[in-house]
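One structure below.
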Amino acid sequence: MSKTWKIAVLRGHHDAATALSPALEQACREMIMTSASTNPKSDAVLEYWTENTDGYANFEVTWLPWVDVSFSVADVTPYIGDPVLNRGHVLRGTSLSKILGATQALPQYSGTNLLDGYDGFICLIAPGADLANPKAGQPNQPATYDFEGGTLGQGPGASSIWSMTTHTHTFMCHEFGHVLGLSDADGVLWDNVTYKTSYGDPLNIMSAMAFAGTTPTFAGSLVPNWPNLNAKNVKGPAPSRAVLHYWDNNAQRKTLVKTLTVPDDNVAPIRLYAAYSDTDVPRLLVIEPDSPQPNSIGRTYLEYRDVRKWDLGLKTAGGTLDRRSVVVHVVVVPPGGGNICSYRGEIVAPVEIDSDLQIRGTPYTVRVIDENLDEAWVDLKITRTSPLGFEIDVTGTDEIIGSDGPIELGHTPCGDTLHYGTWLTSARYAFRPVVWGLGGSGSSTGTPSAPPTVHWTVGGVAIVLGQQTGTLLGCHSPQGSFDVDYVLDPTGTLHLSSRVDQTYQMDITATATDSVTGSKISAQAIFASLGRFHGLPPHEWTLVLRCLQRVVAVFPPDLKDLIRADDQPRPNWLQLAVHLLERSATHATRFKRERAALHQLIELSRGNGRLVGGTTDFRLFDDA
């Protein structure tokens with residue numbers, strides 16, 4: 001189902017020295033109605049709204065003639081508190097009034113009401129320069145005055161006014177959202193006490209240009225002959241799916257919206273896909289309150305905003321609001337009455353220290369328990385309590401720096417070349433703290449409350465709070481004491497690196513402290529440096545394992561049922577290979593080649609000095 005808005009485009013030309021041309025006509029159509037760009041496809045302003053409402057919003061456009069209008073310094077209005085006009089401009093209402101009046105005066109519209117029959121208007125001020133100031137050069141006088149853009153009204157009959165020389169694509173998409181009936185108010189309420197009357201939602205086009213001091217944008221293809229050649233340098237983000245659904249639930253395809261209730265903590269985890277997903281998977285979660293309220297008051301929305309398509313310009317690291325994240329909105333009653341879809345915080349992905357968010361004004365806590373950035377989904381656990389937990393996510397590699405002595409070549413049965421030798425490595429690992437139940441701020445943005453602080457010790461040596469990089473001297477391990485280099489990045493992740501030729505396993509402890517209550521919780525991990533070793537380099541361990549997997553896949557299911565439930569989906573491949581040899585002994589003729597390959601792979605694994613899938617070979621097992 002779709003809805004069609006009838007839109008009239010008013011066009012006023014305020015600089016007669018600049019000639020209008022067919023090229024400008026084409027530029028207007030490509031910017032507003034039908035884009036020739038494929039970056040992204042369909043990125044004209046009206047196409048933006050059709051795409052982001054799943055085809056619900058469609059438009060029938062009438063292009064009204066260009067008219068010449070005159071402006072002078074008498075039309076300039078100063079900003080409040082700026083009587084010398086050094087920051088004044090021509091107000092949007094002044095521009096619209098002159099352009100509308102000049103259009104209505106054309107002979108073809110005589111005796112008619114030009115505004116009848118349209119759902120909304122776009123008013124272009126084009127294409128000349130800003131208004132020259134005759135007092136330019138005098139104290140406190142600017143060289144020119146610009147033309148204010150914006151929207152007059154909201155919803156049916158509203159007019160979106162754009163200066164073609166100054167305004168950006170993001171600005172134009174935002175202002176036209178008002179013509180559709182979308183409001184700045186959606187997303188500005190933090191709680192039932194503080195009401196922000198300015199923009200507040202960091203991931204919604206209707207809060208564009210206000211993203212906590214940043215601007216999440218990307219550059220698109222320029223529109224040839226559009227007077228402001230940089231207009232497409234500021235694009236995105238997409239509208240909030242929550243705000244769109246609350247504005248009109250037909251603006252989101254039903255198969256992409258999942259509605260549920262949360263009566264207790266036993267609701268199973270839910271996979272939520274990125275807001276741009278267009279296959280039939282959940283991309284917007286709607287949690288209905290325990291008791292239905294008028295105007296859906298109390299409804300909670302969850303959406304996952306990734307950094308692709310219209311959200312391409314969102315940042316992926318650092319302490320700002322405009323990033324890949326799970327975003328929460330709640331329908332509330334602001335002071336003074338009415339109802340809005342209020343922004344209530346986010347959980348950045350990958351999570352930074354705090355993986356849950358206690359959603360204000362609701363009984364719910366949402367936690368990110370898993371994520372796949374490549375496939376653009378997160379797994380969410382929604383509860384009515386806030387259980388406490390802390391884990392450290394460890395990733396990294398042992399980078400080969402060099403070798404000592406000769407290198408012997410070998411091969412797997414699958415044809416992979418192997419290199420046996422004595423290798424010198426440096427370990428480079430990242431330790432990402434993931435906490436839940438401590439305040440639930442949801443992000444490192446400080447909104448609505450600060451995330452917990454994390455204090456680290458490495459081999460019994462504490463990192464001094466506030467010192468983001470350095471060397472820890474004399475860290476203890478069973479193999480001796482070593483110096484360890486560290487970096488704490490803006491996300492709270494600890495990066496450790498060992499020196500070449502150092503072999504050890506070192507205890508890591510992190511303690512998270514809630515900034516408000518003082519509550520604490522600790523977690524442990526191991527920093528293991530491979531250092532000097534003889535055998536295959538780490539990336540070739542994976543070649544052996546992959547070959548083993550391919551060989552095992554040849555055997556029929558009745559011979560592969562030895563995988564224990566607690567081993568799935570990553571079995572102990574060495575144990576499985578040994579059992580396959582035993583179980584297939586009665587089929588020695590049938591599986592002669594495969595059995596020989598298994599024997600060779602087992603010897604390769606043992607010859608490397610680290611049993612594949614065994615207790616000492618955590619690296620190869622994890623690479624499975």
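Residues are named by chain letter and number: chains run A, B, ... in the order of the structure tokens, numbers start at 1 in each chain, and ligands are numbered from 1 in the order shown.
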
**Request:** Going by DSSP on the backbone, which bits of segment 54-108 of chain A are helix (DSSP H, G or I)? Write them as a PyMOL selection string, please.
**Result:** chain A and resi 73-75+92-104+107-108

**Message:** DSSP on the backbone: which residues in segment 218-382 of chain A end up as strand (DSSP E or B)? Give the answer as an MDAnalysis selection string.
**Reply:** chainID A and resid 218 235 257:260 270:274 284:287 300:305 315 323 325:332 340:348 353:354 356:358 365:372 377:382

**Asked** Which residues, written as a list of chain:residue names, have at least one atom at most 7 Å from Val223 of chain A, with only C-alpha atoms counted and residues fewer than 2 positions away on the same chain left out?
**Response** A:Ala27, A:Glu30, A:Met31, A:Ser221, A:Asn225, A:Trp226

**Prompt:** Which is closer to Phe555 of chain A than all the others in A:Gln141, A:Arg593, A:Ser522, A:Ala268, using only C-alpha atoms?
**Reply:** A:Arg593

**atom CA of Lys315 of chain A to atom CA of Phe218 of chain A, straight-line distance in Å** = 10.4 Å

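Of the residues listed (A:Leu284, A:Ala219, A:Tyr118, A:Ser42), A:Tyr118 shows the shortest atom-to-atom separation from Val61 of chain A; distances use only C-alpha atoms.
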
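Coordinates place atom CA of Pro224 of chain A at a distance of 11.8 Å from atom CA of Pro22 of chain A.
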
**Request:** For segment 496-509 of chain A, list every protein, DNA or RNA residue within 8 Å, evaluated using only C-alpha atoms, and leave out those in the same chain fewer than 2 positions away; present the list as a ChimeraX atom specification.
**Result:** /A:401,424-430,456-460,475-480,483-487,494,511,522-532

Using N, CA, C and O atoms, can you write the selected residues to a file as a compact mmCIF listing (two decimals), in the first residue's frame?
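part.txt, freshly written:
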# COMPACT_ATOMS: atom_id res chain seq x y z
N ILE A 401 57.81 -12.41 13.10
CA ILE A 401 58.76 -11.34 12.83
C ILE A 401 59.96 -11.86 12.03
O ILE A 401 60.55 -11.15 11.22
N LEU A 424 60.13 -16.76 15.12
CA LEU A 424 60.16 -15.71 16.14
C LEU A 424 58.91 -14.85 15.96
O LEU A 424 58.66 -14.34 14.86
N THR A 425 58.13 -14.70 17.00
CA THR A 425 56.85 -14.00 16.87
C THR A 425 56.71 -12.91 17.93
O THR A 425 57.39 -12.92 18.96
N SER A 426 55.80 -11.98 17.64
CA SER A 426 55.38 -10.96 18.62
C SER A 426 53.87 -11.06 18.74
O SER A 426 53.16 -11.03 17.73
N ALA A 427 53.38 -11.18 19.97
CA ALA A 427 51.93 -11.30 20.19
C ALA A 427 51.30 -9.91 20.23
O ALA A 427 51.80 -9.01 20.91
N ARG A 428 50.21 -9.75 19.50
CA ARG A 428 49.45 -8.49 19.50
C ARG A 428 47.98 -8.85 19.70
O ARG A 428 47.33 -9.34 18.78
N TYR A 429 47.49 -8.55 20.92
CA TYR A 429 46.12 -8.97 21.27
C TYR A 429 45.33 -7.79 21.82
O TYR A 429 45.89 -6.86 22.43
N ALA A 430 44.02 -7.85 21.57
CA ALA A 430 43.09 -6.83 22.07
C ALA A 430 42.15 -7.47 23.07
O ALA A 430 41.63 -8.58 22.85
N TRP A 456 42.71 -1.93 34.88
CA TRP A 456 43.38 -3.13 34.38
C TRP A 456 44.64 -3.43 35.18
O TRP A 456 45.37 -2.51 35.58
N THR A 457 44.92 -4.73 35.36
CA THR A 457 46.24 -5.17 35.81
C THR A 457 46.72 -6.25 34.84
O THR A 457 45.95 -7.11 34.41
N VAL A 458 48.00 -6.18 34.49
CA VAL A 458 48.62 -7.11 33.55
C VAL A 458 49.79 -7.77 34.27
O VAL A 458 50.75 -7.09 34.64
N GLY A 459 49.67 -9.06 34.52
CA GLY A 459 50.73 -9.76 35.25
C GLY A 459 50.98 -9.15 36.61
O GLY A 459 52.12 -9.08 37.08
N GLY A 460 49.90 -8.67 37.25
CA GLY A 460 50.01 -8.08 38.58
C GLY A 460 50.43 -6.62 38.59
O GLY A 460 50.48 -6.00 39.67
N CYS A 475 56.05 -7.35 34.44
CA CYS A 475 54.80 -8.12 34.57
C CYS A 475 55.13 -9.59 34.80
O CYS A 475 55.97 -10.17 34.11
N HIS A 476 54.44 -10.20 35.75
CA HIS A 476 54.78 -11.56 36.19
C HIS A 476 54.04 -12.61 35.38
O HIS A 476 52.88 -12.45 35.01
N SER A 477 54.74 -13.74 35.14
CA SER A 477 54.15 -14.93 34.53
C SER A 477 54.92 -16.13 35.04
O SER A 477 56.01 -15.98 35.58
N PRO A 478 54.38 -17.34 34.88
CA PRO A 478 55.13 -18.54 35.31
C PRO A 478 56.47 -18.67 34.59
O PRO A 478 57.38 -19.35 35.10
N GLN A 479 56.61 -18.04 33.44
CA GLN A 479 57.85 -18.14 32.68
C GLN A 479 58.85 -17.04 33.05
O GLN A 479 59.94 -16.97 32.47
N GLY A 480 58.47 -16.14 33.98
CA GLY A 480 59.35 -15.06 34.37
C GLY A 480 58.67 -13.72 34.29
O GLY A 480 57.45 -13.63 34.09
N ASP A 483 58.47 -7.07 30.24
CA ASP A 483 57.91 -5.75 29.99
C ASP A 483 56.88 -5.86 28.86
O ASP A 483 57.14 -6.51 27.84
N VAL A 484 55.72 -5.22 29.05
CA VAL A 484 54.61 -5.34 28.08
C VAL A 484 54.18 -3.94 27.66
O VAL A 484 53.91 -3.08 28.51
N ASP A 485 54.09 -3.72 26.36
CA ASP A 485 53.60 -2.45 25.82
C ASP A 485 52.07 -2.49 25.75
O ASP A 485 51.48 -3.52 25.40
N TYR A 486 51.42 -1.35 26.06
CA TYR A 486 49.96 -1.32 26.06
C TYR A 486 49.44 -0.02 25.46
O TYR A 486 50.11 1.01 25.44
N VAL A 487 48.20 -0.09 24.96
CA VAL A 487 47.44 1.07 24.49
C VAL A 487 45.99 0.86 24.90
O VAL A 487 45.44 -0.24 24.72
N LEU A 494 41.76 -2.72 25.63
CA LEU A 494 43.17 -2.75 25.97
C LEU A 494 43.93 -3.54 24.91
O LEU A 494 43.58 -4.69 24.60
N THR A 511 38.66 -4.71 36.36
CA THR A 511 37.61 -4.44 37.34
C THR A 511 36.81 -3.24 36.88
O THR A 511 37.37 -2.15 36.66
N SER A 522 34.58 -7.95 38.46
CA SER A 522 35.86 -8.22 37.81
C SER A 522 35.76 -9.37 36.82
O SER A 522 34.85 -10.21 36.90
N ALA A 523 36.70 -9.40 35.89
CA ALA A 523 36.80 -10.49 34.91
C ALA A 523 38.28 -10.74 34.64
O ALA A 523 39.13 -9.87 34.86
N GLN A 524 38.58 -11.96 34.18
CA GLN A 524 39.97 -12.34 33.94
C GLN A 524 40.14 -12.85 32.51
O GLN A 524 39.19 -13.31 31.87
N ALA A 525 41.37 -12.76 32.03
CA ALA A 525 41.74 -13.30 30.72
C ALA A 525 43.22 -13.66 30.77
O ALA A 525 43.90 -13.41 31.78
N ILE A 526 43.72 -14.26 29.70
CA ILE A 526 45.13 -14.66 29.61
C ILE A 526 45.76 -13.97 28.41
O ILE A 526 45.19 -13.94 27.31
N PHE A 527 46.94 -13.39 28.61
CA PHE A 527 47.73 -12.87 27.50
C PHE A 527 48.84 -13.89 27.26
O PHE A 527 49.76 -14.03 28.08
N ALA A 528 48.77 -14.60 26.15
CA ALA A 528 49.72 -15.66 25.83
C ALA A 528 50.57 -15.24 24.64
O ALA A 528 50.04 -14.92 23.57
N SER A 529 51.85 -15.23 24.83
CA SER A 529 52.79 -14.89 23.77
C SER A 529 53.51 -16.16 23.32
O SER A 529 54.17 -16.83 24.11
N LEU A 530 53.38 -16.48 22.05
CA LEU A 530 53.98 -17.71 21.52
C LEU A 530 55.49 -17.61 21.48
O LEU A 530 56.20 -18.60 21.73
N GLY A 531 56.01 -16.42 21.17
CA GLY A 531 57.46 -16.19 21.20
C GLY A 531 58.22 -17.04 20.20
O GLY A 531 57.93 -17.03 19.01
N ARG A 532 59.22 -17.81 20.66
CA ARG A 532 60.01 -18.70 19.81
C ARG A 532 59.42 -20.11 19.86
O ARG A 532 59.18 -20.65 20.95

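Nearest to Ile347 of chain A of all the residues A:Val551, A:Val435, A:Leu152, A:Leu418 is A:Val435, counting only C-alpha atoms.
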
**Message:** Please list as a count of residues only every residue within 8 Å of segment 7-11 of chain A, counting only C-alpha atoms and excluding residues in the same chain fewer than 3 positions away.
**Reply:** 21

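All residues of protein, DNA or RNA that reach within 7 Å of His534 of chain A, judged by only C-alpha atoms and not counting those fewer than 6 positions away in the chain, are Gly421, Thr422 and Trp423 of chain A.
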
**Prompt:** Near segment 232-241 of chain A, within 6 Å and counting only C-alpha atoms, which residues show up once chain neighbours fewer than 6 positions away are dropped, as a ChimeraX atom specification?
**Reply:** /A:168-170,204-205,217-220,222,310-311

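Minimum atom-to-atom distances from A:Ala129, A:Val69, A:Leu91, A:Val243 to Asp184 of chain A were compared using only C-alpha atoms, and the lowest value belongs to A:Val243.
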
**Complete:** In terms of only C-alpha atoms, the residue from A:Val516, A:Thr385, A:Val378, A:Arg550 at minimal distance from Pro413 of chain A is A:Arg550

**Request:** Work out how far apart atom CA of Gln108 of chain A and atom CA of Gly150 of chain A are and give it in Å to one decimal.
**Result:** 28.3 Å
